[in-house]
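Below: protein.tsv (TSV, C-alpha atoms and all ligand atoms)
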```tsv
chain	number	residue	atom	x	y	z
A	1	MET	CA	89.65	124.41	75.27
A	2	TYR	CA	90.70	120.86	76.17
A	3	THR	CA	93.18	119.54	78.71
A	4	ARG	CA	95.77	117.34	77.01
A	5	ILE	CA	98.30	114.96	78.53
A	6	ILE	CA	101.59	116.06	77.01
A	7	GLY	CA	104.03	113.99	79.05
A	8	THR	CA	104.05	111.03	81.45
A	9	GLY	CA	106.60	109.61	83.88
A	10	SER	CA	106.84	107.14	86.72
A	11	TYR	CA	109.10	105.76	89.43
A	12	LEU	CA	109.19	102.44	91.24
A	13	PRO	CA	111.28	101.72	94.34
A	14	LYS	CA	114.39	99.61	93.84
A	15	GLN	CA	113.35	96.81	96.21
A	16	ILE	CA	111.06	94.14	94.73
A	17	VAL	CA	109.39	91.63	97.07
A	18	SER	CA	107.81	88.47	95.63
A	19	ASN	CA	104.86	86.56	97.04
A	20	ASP	CA	107.24	83.75	98.00
A	21	GLU	CA	109.29	86.19	100.07
A	22	LEU	CA	106.12	87.45	101.80
A	23	ALA	CA	105.19	83.86	102.57
A	24	LYS	CA	108.28	83.70	104.77
A	25	ARG	CA	106.85	86.52	106.94
A	26	VAL	CA	103.15	85.61	107.14
A	27	ASP	CA	101.07	82.47	106.65
A	28	THR	CA	100.29	82.83	102.93
A	29	SER	CA	101.40	81.48	99.56
A	30	ASP	CA	102.08	82.65	96.02
A	31	GLU	CA	99.19	80.44	94.88
A	32	TRP	CA	96.67	82.07	97.31
A	33	ILE	CA	97.74	85.63	96.52
A	34	PHE	CA	97.92	85.15	92.75
A	35	THR	CA	94.60	83.32	92.44
A	36	ARG	CA	92.70	85.90	94.55
A	37	THR	CA	94.38	89.07	93.29
A	38	GLY	CA	96.63	88.52	90.26
A	39	ILE	CA	99.60	89.90	92.25
A	40	ARG	CA	103.03	88.24	91.93
A	41	SER	CA	105.29	90.92	93.41
A	42	ARG	CA	105.41	94.55	94.59
A	43	HIS	CA	107.99	97.33	94.97
A	44	ILE	CA	108.70	98.47	98.53
A	45	ALA	CA	110.13	101.90	99.28
A	46	SER	CA	113.22	102.44	101.38
A	47	GLY	CA	113.19	105.23	103.97
A	48	GLU	CA	114.56	107.68	101.39
A	49	GLU	CA	111.94	106.78	98.79
A	50	THR	CA	109.18	108.97	100.18
A	51	SER	CA	106.14	110.16	98.22
A	52	SER	CA	107.84	113.47	97.37
A	53	TYR	CA	111.07	111.72	96.35
A	54	MET	CA	109.29	109.26	94.07
A	55	GLY	CA	106.94	111.97	92.81
A	56	HIS	CA	109.99	114.07	91.93
A	57	GLN	CA	111.61	111.25	89.97
A	58	ALA	CA	108.36	110.61	88.08
A	59	SER	CA	107.87	114.34	87.45
A	60	LEU	CA	111.36	114.76	85.95
A	61	LYS	CA	110.54	112.01	83.44
A	62	ALA	CA	107.15	113.55	82.64
A	63	LEU	CA	108.74	116.98	82.13
A	64	ALA	CA	111.38	115.48	79.83
A	65	ALA	CA	108.68	113.66	77.83
A	66	ALA	CA	106.75	116.94	77.51
A	67	GLU	CA	109.98	118.76	76.57
A	68	LEU	CA	109.33	121.31	79.33
A	69	GLN	CA	111.25	122.71	82.29
A	70	ALA	CA	109.87	122.83	85.83
A	71	SER	CA	109.75	126.62	85.43
A	72	ASP	CA	107.05	126.14	82.74
A	73	LEU	CA	104.58	124.77	85.33
A	74	ASP	CA	101.67	126.87	86.65
A	75	MET	CA	100.51	124.46	89.36
A	76	ILE	CA	101.34	121.18	91.14
A	77	ILE	CA	98.70	118.77	92.39
A	78	VAL	CA	99.76	115.64	94.27
A	79	ALA	CA	97.33	112.86	95.06
A	80	THR	CA	98.54	110.92	98.09
A	81	THR	CA	97.26	109.26	101.22
A	82	THR	CA	100.81	108.75	102.46
A	83	PRO	CA	102.41	112.22	102.57
A	84	ASP	CA	106.03	112.70	103.71
A	85	LYS	CA	104.88	114.98	106.54
A	86	GLY	CA	101.75	116.24	108.28
A	87	LEU	CA	102.77	119.56	106.80
A	88	PRO	CA	103.97	121.03	104.51
A	89	ASN	CA	101.99	119.13	101.93
A	90	THR	CA	103.79	116.78	99.54
A	91	ALA	CA	103.22	119.09	96.56
A	92	CYS	CA	105.21	121.84	98.35
A	93	LEU	CA	108.03	119.37	99.05
A	94	LEU	CA	107.93	118.34	95.40
A	95	GLN	CA	107.95	121.97	94.30
A	96	GLU	CA	111.10	122.53	96.38
A	97	ARG	CA	112.74	119.41	94.91
A	98	LEU	CA	111.96	120.74	91.43
A	99	GLY	CA	113.77	123.97	92.32
A	100	ILE	CA	110.82	126.25	91.66
A	101	SER	CA	108.61	128.43	93.84
A	102	ALA	CA	105.58	130.72	93.81
A	103	ILE	CA	103.17	128.49	91.85
A	104	PRO	CA	100.29	126.91	93.80
A	105	ALA	CA	101.03	123.43	95.12
A	106	PHE	CA	98.55	121.27	97.00
A	107	ASP	CA	97.72	117.67	97.88
A	108	ILE	CA	94.45	115.90	97.60
A	109	THR	CA	93.65	112.93	99.80
A	110	VAL	CA	91.26	110.75	97.88
A	111	ALA	CA	92.86	107.35	98.49
A	112	CYS	CA	93.11	105.12	95.42
A	113	ALA	CA	90.87	107.44	93.37
A	114	GLY	CA	93.24	110.34	94.06
A	115	PHE	CA	94.78	110.55	90.61
A	116	ILE	CA	91.39	110.64	88.86
A	117	TYR	CA	90.24	113.39	91.25
A	118	ALA	CA	93.51	115.33	90.78
A	119	LEU	CA	93.25	115.06	87.00
A	120	SER	CA	89.68	116.33	87.19
A	121	VAL	CA	90.73	119.31	89.33
A	122	ALA	CA	93.53	120.11	86.87
A	123	ASP	CA	91.05	119.86	84.00
A	124	GLN	CA	88.80	122.50	85.64
A	125	PHE	CA	91.73	124.95	86.06
A	126	ILE	CA	92.85	124.46	82.46
A	127	ARG	CA	89.40	124.70	80.88
A	128	THR	CA	88.58	127.91	82.74
A	129	GLY	CA	91.91	129.38	81.59
A	130	SER	CA	93.19	129.79	85.18
A	131	ALA	CA	96.26	127.67	84.44
A	132	LYS	CA	98.07	126.61	81.29
A	133	THR	CA	100.37	123.79	82.38
A	134	ILE	CA	99.84	121.59	85.44
A	135	LEU	CA	101.86	118.76	86.97
A	136	VAL	CA	99.57	116.04	88.32
A	137	VAL	CA	101.19	113.34	90.46
A	138	GLY	CA	100.01	110.21	92.24
A	139	ALA	CA	102.60	109.07	94.80
A	140	GLU	CA	102.26	106.56	97.63
A	141	VAL	CA	104.21	104.67	100.25
A	142	LEU	CA	101.35	102.39	101.24
A	143	THR	CA	103.73	99.83	102.71
A	144	ALA	CA	104.43	102.38	105.48
A	145	VAL	CA	100.81	102.05	106.64
A	146	THR	CA	100.66	98.29	106.12
A	147	ASP	CA	100.38	95.92	109.07
A	148	TRP	CA	103.00	93.32	108.16
A	149	SER	CA	101.47	90.82	110.57
A	150	ASP	CA	98.04	90.94	108.85
A	151	ARG	CA	98.06	88.53	105.92
A	152	SER	CA	94.65	89.70	104.70
A	153	THR	CA	96.06	93.16	103.81
A	154	CYS	CA	99.87	93.04	103.66
A	155	VAL	CA	99.92	90.99	100.46
A	156	LEU	CA	97.93	93.60	98.55
A	157	PHE	CA	99.95	96.82	98.57
A	158	GLY	CA	103.04	98.35	96.98
A	159	ASP	CA	104.75	101.72	96.52
A	160	GLY	CA	105.48	104.00	93.57
A	161	ALA	CA	104.67	107.23	91.78
A	162	GLY	CA	103.31	108.34	88.45
A	163	ALA	CA	103.13	111.83	86.95
A	164	VAL	CA	101.54	113.57	84.00
A	165	ILE	CA	101.91	117.06	82.61
A	166	VAL	CA	98.64	118.46	81.29
A	167	GLN	CA	98.29	121.54	79.14
A	168	GLY	CA	95.50	123.54	77.50
A	169	SER	CA	94.96	122.77	73.82
A	170	GLU	CA	92.41	123.20	71.10
A	171	LYS	CA	92.92	119.54	70.14
A	172	PRO	CA	90.77	117.03	72.05
A	173	GLY	CA	92.17	115.77	75.35
A	174	ILE	CA	90.16	115.03	78.50
A	175	LEU	CA	86.57	114.61	77.27
A	176	SER	CA	85.01	114.28	80.72
A	177	THR	CA	85.68	113.21	84.28
A	178	HIS	CA	83.15	111.65	86.66
A	179	LEU	CA	83.67	111.73	90.43
A	180	HIS	CA	81.72	110.05	93.22
A	181	ALA	CA	81.95	109.41	96.96
A	182	ASP	CA	79.93	107.51	99.56
A	183	GLY	CA	81.08	108.24	103.11
A	184	ARG	CA	78.67	105.65	104.49
A	185	GLN	CA	81.29	103.09	103.42
A	186	LYS	CA	83.91	104.59	105.77
A	187	ASP	CA	84.33	101.42	107.82
A	188	ASN	CA	85.08	99.13	104.87
A	189	LEU	CA	88.53	100.53	104.09
A	190	TYR	CA	90.32	102.94	106.38
A	191	ILE	CA	93.44	103.96	108.28
A	192	PRO	CA	92.40	104.73	111.88
A	193	SER	CA	94.21	108.01	112.65
A	194	PRO	CA	97.17	109.83	111.14
A	195	LEU	CA	97.42	112.08	114.22
A	196	PRO	CA	99.78	110.86	116.94
A	197	GLY	CA	97.73	112.66	119.62
A	198	GLN	CA	94.64	110.70	118.63
A	199	ALA	CA	96.24	107.31	117.96
A	200	ARG	CA	94.84	104.44	120.04
A	201	ALA	CA	97.10	101.70	121.33
A	202	ASP	CA	94.44	99.08	120.54
A	203	GLU	CA	94.08	100.23	116.93
A	204	PRO	CA	97.40	101.20	115.33
A	205	SER	CA	97.29	103.37	112.19
A	206	TYR	CA	97.48	100.63	109.61
A	207	ILE	CA	95.16	99.94	106.69
A	208	ARG	CA	92.05	98.09	107.80
A	209	MET	CA	89.76	96.50	105.24
A	210	GLN	CA	86.61	94.44	104.82
A	211	GLY	CA	87.90	92.72	101.68
A	212	ARG	CA	84.64	91.16	100.48
A	213	GLU	CA	82.64	94.38	100.91
A	214	VAL	CA	85.31	96.35	99.04
A	215	PHE	CA	85.32	93.80	96.25
A	216	ARG	CA	81.54	93.78	95.86
A	217	PHE	CA	81.22	97.57	95.92
A	218	ALA	CA	84.18	98.09	93.57
A	219	VAL	CA	82.84	95.82	90.84
A	220	LYS	CA	79.46	97.60	90.82
A	221	ALA	CA	80.77	101.18	91.20
A	222	LEU	CA	83.48	100.83	88.55
A	223	GLY	CA	81.09	99.15	86.11
A	224	ASP	CA	78.68	102.06	86.58
A	225	VAL	CA	81.28	104.85	86.34
A	226	VAL	CA	82.78	103.59	83.08
A	227	GLU	CA	79.29	103.37	81.58
A	228	GLU	CA	78.59	106.89	82.86
A	229	ALA	CA	81.67	108.21	81.03
A	230	LEU	CA	80.64	106.63	77.73
A	231	LYS	CA	77.04	107.77	78.06
A	232	ALA	CA	78.05	111.36	78.84
A	233	ASN	CA	80.04	111.44	75.60
A	234	HIS	CA	77.50	109.46	73.51
A	235	LEU	CA	80.19	106.93	72.69
A	236	PRO	CA	79.81	103.16	72.23
A	237	GLN	CA	81.96	100.68	74.16
A	238	SER	CA	83.86	100.01	70.94
A	239	ALA	CA	85.23	103.59	71.02
A	240	ILE	CA	87.65	102.68	73.82
A	241	ASP	CA	91.16	101.81	72.70
A	242	TRP	CA	92.58	101.27	76.19
A	243	LEU	CA	91.15	100.74	79.66
A	244	ILE	CA	93.63	101.93	82.30
A	245	PRO	CA	92.11	100.73	85.55
A	246	HIS	CA	93.16	101.14	89.15
A	247	GLN	CA	95.39	98.17	89.87
A	248	ALA	CA	93.96	96.63	93.03
A	249	ASN	CA	92.84	93.19	91.97
A	250	LEU	CA	92.88	91.42	88.60
A	251	ARG	CA	89.39	90.00	89.20
A	252	ILE	CA	87.96	93.51	89.69
A	253	ILE	CA	89.79	94.69	86.54
A	254	THR	CA	88.45	91.73	84.55
A	255	ALA	CA	84.88	92.42	85.74
A	256	THR	CA	85.10	96.03	84.49
A	257	ALA	CA	86.55	94.90	81.16
A	258	GLU	CA	83.70	92.41	80.78
A	259	LYS	CA	81.17	95.13	81.49
A	260	LEU	CA	82.75	97.12	78.64
A	261	GLN	CA	82.93	93.98	76.44
A	262	LEU	CA	86.61	94.79	76.11
A	263	SER	CA	89.13	92.00	75.57
A	264	MET	CA	91.94	91.90	78.12
A	265	ASP	CA	94.52	92.78	75.49
A	266	LYS	CA	92.95	96.28	75.51
A	267	VAL	CA	93.48	96.61	79.26
A	268	VAL	CA	96.72	97.86	80.78
A	269	VAL	CA	97.59	95.53	83.65
A	270	THR	CA	100.44	96.15	86.09
A	271	VAL	CA	98.90	94.72	89.26
A	272	ASP	CA	100.93	91.52	88.81
A	273	ARG	CA	104.21	93.46	89.30
A	274	HIS	CA	103.13	96.60	91.20
A	275	ALA	CA	100.28	95.36	93.46
A	276	ASN	CA	97.98	98.16	94.69
A	277	THR	CA	99.87	101.47	94.76
A	278	SER	CA	96.73	103.52	95.47
A	279	ALA	CA	96.84	106.99	93.83
A	280	ALA	CA	99.99	106.01	91.92
A	281	SER	CA	98.52	102.97	90.19
A	282	VAL	CA	96.72	104.61	87.25
A	283	PRO	CA	99.55	107.01	86.25
A	284	LEU	CA	102.08	104.18	86.66
A	285	ALA	CA	100.06	101.99	84.28
A	286	LEU	CA	99.50	104.88	81.89
A	287	ASP	CA	103.21	105.69	81.73
A	288	GLU	CA	104.16	102.06	81.17
A	289	ALA	CA	101.82	101.70	78.20
A	290	VAL	CA	102.82	105.07	76.73
A	291	ARG	CA	106.52	104.24	76.96
A	292	ASP	CA	106.25	100.72	75.54
A	293	GLY	CA	104.29	102.10	72.58
A	294	ARG	CA	100.93	100.44	73.23
A	295	ILE	CA	99.17	103.79	73.74
A	296	GLN	CA	99.37	105.99	70.66
A	297	ARG	CA	98.38	109.62	70.06
A	298	GLY	CA	94.74	110.01	69.06
A	299	GLN	CA	93.59	106.87	70.90
A	300	THR	CA	90.72	106.97	73.40
A	301	LEU	CA	91.60	106.02	76.97
A	302	LEU	CA	89.26	105.22	79.82
A	303	LEU	CA	90.78	105.63	83.28
A	304	GLU	CA	88.98	104.50	86.44
A	305	ALA	CA	89.69	104.00	90.13
A	306	ILE	CA	88.06	103.38	93.51
A	307	GLY	CA	89.38	103.71	97.04
A	308	GLY	CA	88.60	104.03	100.73
A	309	GLY	CA	85.72	106.39	101.45
A	310	PHE	CA	84.45	104.99	99.22
A	311	VAL	CA	85.58	107.40	96.51
A	312	TRP	CA	85.60	106.54	92.84
A	313	GLY	CA	85.71	108.06	89.40
A	314	SER	CA	86.59	107.82	85.73
A	315	ALA	CA	88.16	109.97	83.04
A	316	LEU	CA	87.62	109.60	79.30
A	317	ILE	CA	90.57	110.99	77.39
A	318	VAL	CA	91.76	111.34	73.83
A	319	TYR	CA	95.51	110.84	74.21
B	1	LIG	N1	96.92	84.05	102.48
B	1	LIG	C1	96.23	82.95	102.78
B	1	LIG	N2	95.00	82.97	103.30
B	1	LIG	C2	94.45	84.18	103.51
B	1	LIG	C3	95.11	85.37	103.21
B	1	LIG	C4	96.41	85.28	102.68
B	1	LIG	N3	97.14	86.35	102.35
B	1	LIG	N4	94.31	86.40	103.51
B	1	LIG	C5	93.17	85.89	103.98
B	1	LIG	N5	93.24	84.53	103.98
B	1	LIG	C6	92.24	83.57	104.41
B	1	LIG	C7	91.26	84.17	105.38
B	1	LIG	O1	91.77	84.09	106.68
B	1	LIG	C8	90.06	83.28	105.16
B	1	LIG	O2	90.26	82.09	105.87
B	1	LIG	P1	89.05	81.46	106.73
B	1	LIG	O3	87.98	81.16	105.71
B	1	LIG	O4	89.68	80.27	107.33
B	1	LIG	O5	88.65	82.53	107.69
B	1	LIG	C9	90.13	82.93	103.68
B	1	LIG	O6	91.47	83.19	103.28
B	1	LIG	C10	89.18	83.72	102.82
B	1	LIG	O7	89.30	85.08	103.18
B	1	LIG	P2	88.49	86.17	102.47
B	1	LIG	O8	88.90	87.52	102.99
B	1	LIG	O9	87.03	85.84	102.49
B	1	LIG	O10	89.03	85.99	100.98
B	1	LIG	P3	88.50	86.60	99.65
B	1	LIG	O11	88.24	85.51	98.69
B	1	LIG	O12	87.44	87.64	99.86
B	1	LIG	O13	89.79	87.38	99.12
B	1	LIG	C11	90.74	89.58	99.04
B	1	LIG	C12	90.38	88.41	99.92
B	1	LIG	C13	91.32	90.66	99.94
B	1	LIG	C14	91.78	89.15	98.03
B	1	LIG	C15	89.47	90.08	98.30
B	1	LIG	O14	88.41	90.22	99.20
B	1	LIG	C16	89.71	91.38	97.62
B	1	LIG	O15	90.52	91.48	96.71
B	1	LIG	N6	88.97	92.44	98.01
B	1	LIG	C17	89.17	93.76	97.44
B	1	LIG	C18	90.40	94.36	98.06
B	1	LIG	C19	90.80	95.62	97.39
B	1	LIG	O16	90.83	95.69	96.19
B	1	LIG	N7	91.16	96.62	98.19
B	1	LIG	C20	91.64	97.87	97.71
B	1	LIG	C21	90.57	98.65	97.02
B	1	LIG	S1	91.20	100.18	96.54
```
Just give me the structure of the file as structure tokens.
Ligand code: COA
Amino acid sequence: MYTRIIGTGSYLPKQIVSNDELAKRVDTSDEWIFTRTGIRSRHIASGEETSSYMGHQASLKALAAAELQASDLDMIIVATTTPDKGLPNTACLLQERLGISAIPAFDITVACAGFIYALSVADQFIRTGSAKTILVVGAEVLTAVTDWSDRSTCVLFGDGAGAVIVQGSEKPGILSTHLHADGRQKDNLYIPSPLPGQARADEPSYIRMQGREVFRFAVKALGDVVEEALKANHLPQSAIDWLIPHQANLRIITATAEKLQLSMDKVVVTVDRHANTSAASVPLALDEAVRDGRIQRGQTLLLEAIGGGFVWGSALIVY
């Protein structure tokens, strides 16, 4: 039994903010941001565009693509670091928006690697026969935890959501997933405290990052985890049709492509228009390339991501 992706969908907030517009708020420039990161613009959520709202919009598109109704789902998993509420979890809020009840619905908080982790969890439920059809969502409002006075971080992030429907099948689908974490890296990328009772006036709950450390670790970890996926499946680098990387920084993406000896026209890149949307970035990129016809049925996809923790992982998939 394999887990197959049978539908994808995504949602981006209406408001688009360019680098030039950001340069009016903080001391930066389009040239600095683009050269260091490959980012030109990002979508920024309004108050109504919460993770569950955007996840819902993305899920409706994924359900339509899969030709299924919400009532066909057995489970909802939402990867988010920016939930609508402390509780209930975002998956419950999404379940309610979808007009269904009773099926299990839970969030996982694995930062930018959240979608890869969520997909892996879904894969375990499907392969053991515990569930038939699962909605997996990555949804984030990172700009709500962004310090808009800190130029070293505020230029990097954006908002959005991506969704996939996965289903059990005898045809090949997810070949393997590979998950890792290293909590010793906790001080390199973090949000101080989500709990109002524990918040400190001298350290507001915005994203804090040691950019160079993150960059160095990401290049090594992602290079290793894509090799691990190929090795586990005894496949050569040439077997990959598409690399769908986490969209944090074009230089990190390029380094992973080089490691795989993959030309950049085999890499789905959205970081220029989306910036880093954390758990939403991989499903957003996947949906874009499925909908514009680049990704075709039967092709082999390699997904990877890394985030604060550090947490990282990959998934090798026959689409
Ligand atoms: N505009 C202009 N200058 C900026 C700036 C901005 N937005 N942000 C930082 N700078 C300045 C710094 O103040 C520093 O100036 P100084 O030398 O006078 O102190 C200089 O640019 C270099 O800063 P540094 O942080 O060393 O730059 P960098 O080359 O490492 O690039 C990142 C910074 C954030 C782009 C890069 O480290 C990076 O992409 N890291 C990975 C981030 C990431 O992917 N995070 C998410 C992972 S899920």
Shell of 6 Å around ligand LIG 1 (chain B) (only C-alpha atoms and all ligand atoms), written as a PyMOL selection string = chain A and resi 28-29+32-33+36-37+112+151-152+155+211-212+214-215+248-249+306-307
Between CA of His274 in chain A and CA of Thr153 in chain A - distance in Å to one decimal =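 CA of Thr153 in chain A sits 14.9 Å away from CA of His274 in chain A.
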What's the 12 Å shell around Tyr117 in chain A, counting all atoms listed in the file, without same-chain residues fewer than 2 positions away, as a ChimeraX atom specification?
-> /A:77-80,107-115,119-124,136-138,176-181,279,282,303-307,311-315
What gap, in Å, lies between CA of Val164 in chain A and CA of Gly7 in chain A?
->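 CA of Val164 in chain A sits 5.6 Å away from CA of Gly7 in chain A.
With distances restricted to all atoms listed in the file, A:Thr300 is the closest residue to Leu243 in chain A from A:Thr300, A:Thr146, A:Ser41, A:Ser205.
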Which is closest to Val318 in chain A among A:Leu175, A:Ala199, A:Ala66, A:Ala280, if we use all atoms listed in the file?
->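 Of A:Leu175, A:Ala199, A:Ala66, A:Ala280, the one nearest Val318 in chain A, counting all atoms listed in the file, is A:Leu175.
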When distances are computed from all atoms listed in the file, which of A:Glu140, A:Gly298, A:Gly309, A:Lys220 shows the smallest separation from Asp187 in chain A?
-> A:Gly309
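Residue nearest Gln210 in chain A, chosen from A:Gln185, A:Ser101, A:Thr82, A:Ser193 and counting only C-alpha atoms: A:Gln185.
With CA of Ala239 in chain A on one side and CA of Ser169 in chain A on the other, the separation reads 21.7 Å.
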Near range 255-267 of chain A, within 8 Å and counting only C-alpha atoms, which residues show up once chain neighbours fewer than 4 positions away are dropped, as a PyMOL selection string?
-> chain A and resi 219+222-223+226-227+237-238+241-245+251
Could the residues in this selection be saved with C-alpha atoms as a CSV table (one decimal), keeping the file's coordinate frame?
```csv
chain,number,residue,atom,x,y,z
A,219,VAL,CA,82.8,95.8,90.8
A,222,LEU,CA,83.5,100.8,88.6
A,223,GLY,CA,81.1,99.2,86.1
A,226,VAL,CA,82.8,103.6,83.1
A,227,GLU,CA,79.3,103.4,81.6
A,237,GLN,CA,82.0,100.7,74.2
A,238,SER,CA,83.9,100.0,70.9
A,241,ASP,CA,91.2,101.8,72.7
A,242,TRP,CA,92.6,101.3,76.2
A,243,LEU,CA,91.2,100.7,79.7
A,244,ILE,CA,93.6,101.9,82.3
A,245,PRO,CA,92.1,100.7,85.6
A,251,ARG,CA,89.4,90.0,89.2
```
Between A:Asp27, A:Glu213, A:Glu203, A:Glu67, which one has atoms that come closest to Leu189 in chain A, using all atoms listed in the file?
->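 Among A:Asp27, A:Glu213, A:Glu203, A:Glu67, it is A:Glu213 that comes nearest to Leu189 in chain A.
Take the candidates A:Arg297, A:His234, A:Lys171, A:Lys61 and check each one against Leu284 in chain A using all atoms listed in the file; the shortest distance goes to A:Lys61.
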Which protein, DNA or RNA residues have an atom at most 8 Å from (109.2, 109.9, 87.6), counting all atoms listed in the file? List them as a ChimeraX atom specification.
-> /A:9-11,54-62,161-163
